[in-house]
file protein-v3.cif (mmCIF, C-alpha atoms)
data_my_file
#
loop_
_atom_site.label_atom_id
_atom_site.label_comp_id
_atom_site.auth_asym_id
_atom_site.auth_seq_id
_atom_site.Cartn_x
_atom_site.Cartn_y
_atom_site.Cartn_z
CA MET K 1 0.00 0.00 0.00
CA HIS K 2 2.85 2.38 0.87
CA LYS K 3 4.53 1.65 -2.48
CA ALA K 4 1.26 2.18 -4.36
CA LEU K 5 0.83 5.58 -2.71
CA ARG K 6 4.42 6.54 -3.62
CA ASP K 7 3.74 5.51 -7.23
CA LEU K 8 0.80 7.95 -7.24
CA GLY K 9 3.08 10.74 -6.01
CA VAL K 10 1.91 10.70 -2.39
CA THR K 11 4.84 10.88 0.00
CA LEU K 12 4.15 9.85 3.57
CA THR K 13 6.53 9.34 6.43
CA GLN K 14 6.31 6.04 8.26
CA GLY K 15 4.48 7.71 11.13
CA ALA K 16 1.94 9.37 8.81
CA PHE K 17 1.40 6.07 6.98
CA SER K 18 0.82 4.28 10.31
CA ARG K 19 -1.73 6.92 11.35
CA LEU K 20 -3.48 6.57 7.99
CA VAL K 21 -3.66 2.79 8.39
CA ARG K 22 -4.99 3.13 11.96
CA ARG K 23 -7.68 5.58 10.84
CA LEU K 24 -8.76 3.31 7.99
CA GLU K 25 -8.79 0.38 10.40
CA SER K 26 -10.87 2.29 12.96
CA VAL K 27 -13.62 2.95 10.40
CA GLN K 28 -13.41 -0.68 9.23
CA CYS K 29 -12.12 0.12 5.72
CA LEU K 30 -9.03 -2.03 6.25
CA ASP K 31 -8.50 -5.35 7.94
CA VAL K 32 -5.01 -5.35 9.47
CA ASP K 33 -3.34 -8.59 10.53
CA TYR K 34 -0.29 -7.82 12.66
CA ASP K 35 2.53 -10.33 12.47
CA ASN K 36 4.05 -9.84 15.91
CA PRO K 37 4.20 -13.08 17.87
CA ASP K 38 6.56 -11.64 20.45
CA ARG K 39 5.06 -8.49 21.98
CA ASP K 40 8.45 -7.31 23.31
CA ARG K 41 9.87 -6.73 19.83
CA ARG K 42 9.02 -4.19 17.22
CA LEU K 43 6.33 -4.96 14.70
CA ARG K 44 7.97 -6.68 11.74
CA ALA K 45 5.15 -6.81 9.23
CA CYS K 46 1.43 -6.53 8.86
CA ARG K 47 -0.94 -7.62 6.17
CA LEU K 48 -3.52 -5.14 4.93
CA ALA K 49 -6.74 -6.21 3.25
CA ALA K 50 -9.54 -3.95 2.08
CA THR K 51 -12.89 -4.82 3.62
CA ASP K 52 -16.22 -4.71 1.81
CA VAL K 53 -16.98 -1.45 3.63
CA GLY K 54 -13.67 -0.02 2.40
CA VAL K 55 -14.31 -1.03 -1.20
CA MET K 56 -17.81 0.48 -1.14
CA ALA K 57 -16.49 3.69 0.44
CA TRP K 58 -13.69 3.92 -2.14
CA ASN K 59 -16.10 3.44 -5.05
CA ALA K 60 -18.59 5.95 -3.64
CA THR K 61 -15.85 8.54 -3.10
CA ARG K 62 -14.40 8.01 -6.58
CA ASP K 63 -17.86 8.30 -8.19
CA PHE K 64 -18.66 11.43 -6.17
CA PHE K 65 -15.52 13.28 -7.28
CA ALA K 66 -15.76 12.00 -10.87
CA ALA K 67 -19.19 13.63 -11.20
CA PHE K 68 -17.67 17.13 -10.98
CA PRO K 69 -15.63 18.90 -13.65
CA PRO K 70 -11.98 19.55 -12.85
CA PRO K 71 -11.25 22.82 -11.03
CA PRO K 72 -10.28 25.90 -13.03
CA PRO K 73 -6.53 26.50 -13.33
CA GLN K 74 -6.53 29.41 -10.88
CA PHE K 75 -7.69 27.06 -8.12
CA VAL K 76 -5.12 24.34 -8.75
CA PRO K 77 -2.43 24.66 -6.10
CA VAL K 78 1.05 25.51 -7.22
CA PRO K 79 3.97 23.41 -6.00
CA THR K 80 5.17 24.53 -2.60
CA ASP K 81 8.63 24.51 -1.11
CA GLU K 82 7.55 21.56 1.01
CA GLY K 83 6.60 19.61 -2.12
CA ARG K 84 9.76 20.49 -4.02
CA LEU K 85 11.86 19.26 -1.12
CA ALA K 86 9.80 16.10 -0.54
CA HIS K 87 12.58 13.81 -1.77
CA LEU K 88 14.78 14.91 1.15
CA PRO K 89 14.62 13.45 4.65
CA ALA K 90 12.34 15.36 7.02
CA ARG K 91 15.21 16.70 9.15
CA VAL K 92 17.03 18.15 6.12
CA ARG K 93 13.82 19.53 4.62
CA ASN K 94 12.82 21.25 7.86
CA SER K 95 16.32 22.68 8.25
CA ILE K 96 16.25 24.18 4.75
CA LEU K 97 12.79 25.66 5.31
CA ALA K 98 13.78 27.08 8.71
CA LYS K 99 16.90 28.76 7.26
CA ARG K 100 14.88 30.18 4.37
CA THR K 101 12.23 31.47 6.78
CA LYS K 102 14.86 33.08 9.01
CA LYS K 103 16.44 34.78 6.00
CA GLU K 104 13.07 36.10 4.76
CA PHE K 105 12.18 37.31 8.27
CA ARG K 106 15.52 39.08 8.61
CA GLU K 107 15.04 40.81 5.22
CA VAL K 108 11.54 41.98 6.16
CA MET K 109 12.75 43.29 9.52
CA GLU K 110 15.64 45.12 7.85
CA ARG K 111 13.22 46.80 5.42
CA LEU K 112 10.92 47.77 8.27
CA ALA K 113 13.79 49.09 10.34
CA SER K 114 15.11 51.15 7.42
CA ALA K 115 11.62 52.58 6.83
CA TRP K 116 11.00 53.39 10.50
CA PHE K 117 14.50 54.55 11.34
CA PRO K 118 16.13 56.07 8.28
CA ALA K 119 19.85 55.63 8.43
CA ARG K 120 21.83 58.77 9.00
CA ARG K 121 24.43 59.31 6.40
CA ARG K 122 27.89 59.29 7.79
CA GLN K 123 30.31 61.83 6.61
CA ARG K 124 33.62 60.28 5.85
CA PRO K 125 36.61 62.06 7.32
#

call {"tool": "encode", "arguments": {"input": "protein-v3.cif", "output": "structure tokens"}}
result
Amino acid sequence: MHKALRDLGVTLTQGAFSRLVRRLESVQCLDVDYDNPDRDRRLRACRLAATDVGVMAWNATRDFFAAFPPPPPQFVPVPTDEGRLAHLPARVRNSILAKRTKKEFREVMERLASAWFPARRRQRP
């Protein structure tokens, strides 16, 4: 399932994928069989199977959205920095975004400071 989502262009971390699976399991769209005979160790594998409820919900959702025309181009989201950096690990991606945000903030504050407090011109000796 994780590979199929990646093939569709959906990138999920392992934690996000686990939360997605748990949510689908809680509404009985997925039947999850955990392969963990020894409870002291980490989960090694689990088998996912779509239930009848899940298949009906998927078909109903697909039919619902297929009934509408595609959105106009002005409403289609443009790629974001987060999306362009999706191939990087989360720690690296967040670091790049934090540095970029700090730089933008510093530039805005410098413009505000120069507007509020015009710099006095120094006379060179």

call {"tool": "atom_distance", "arguments": {"input": "protein-v3.cif", "atom1": "atom CA of K:Ala66", "atom2": "atom CA of K:Gly54"}}
result
18.0 Å

call {"tool": "atom_distance", "arguments": {"input": "protein-v3.cif", "atom1": "atom CA of K:Ala4", "atom2": "atom CA of K:Glu25"}}
result
17.9 Å

call {"tool": "resolve_selection", "arguments": {"input": "protein-v3.cif", "expression": "the PyMOL selection byres ((chain K and resi 21) around 10)", "output": "NGL selection string"}}
result
:K and (1-2 or 15-20 or 22-26 or 29-32 or 48)

call {"tool": "atom_distance", "arguments": {"input": "protein-v3.cif", "atom1": "atom CA of K:Thr11", "atom2": "atom CA of K:Pro89"}}
result
11.1 Å
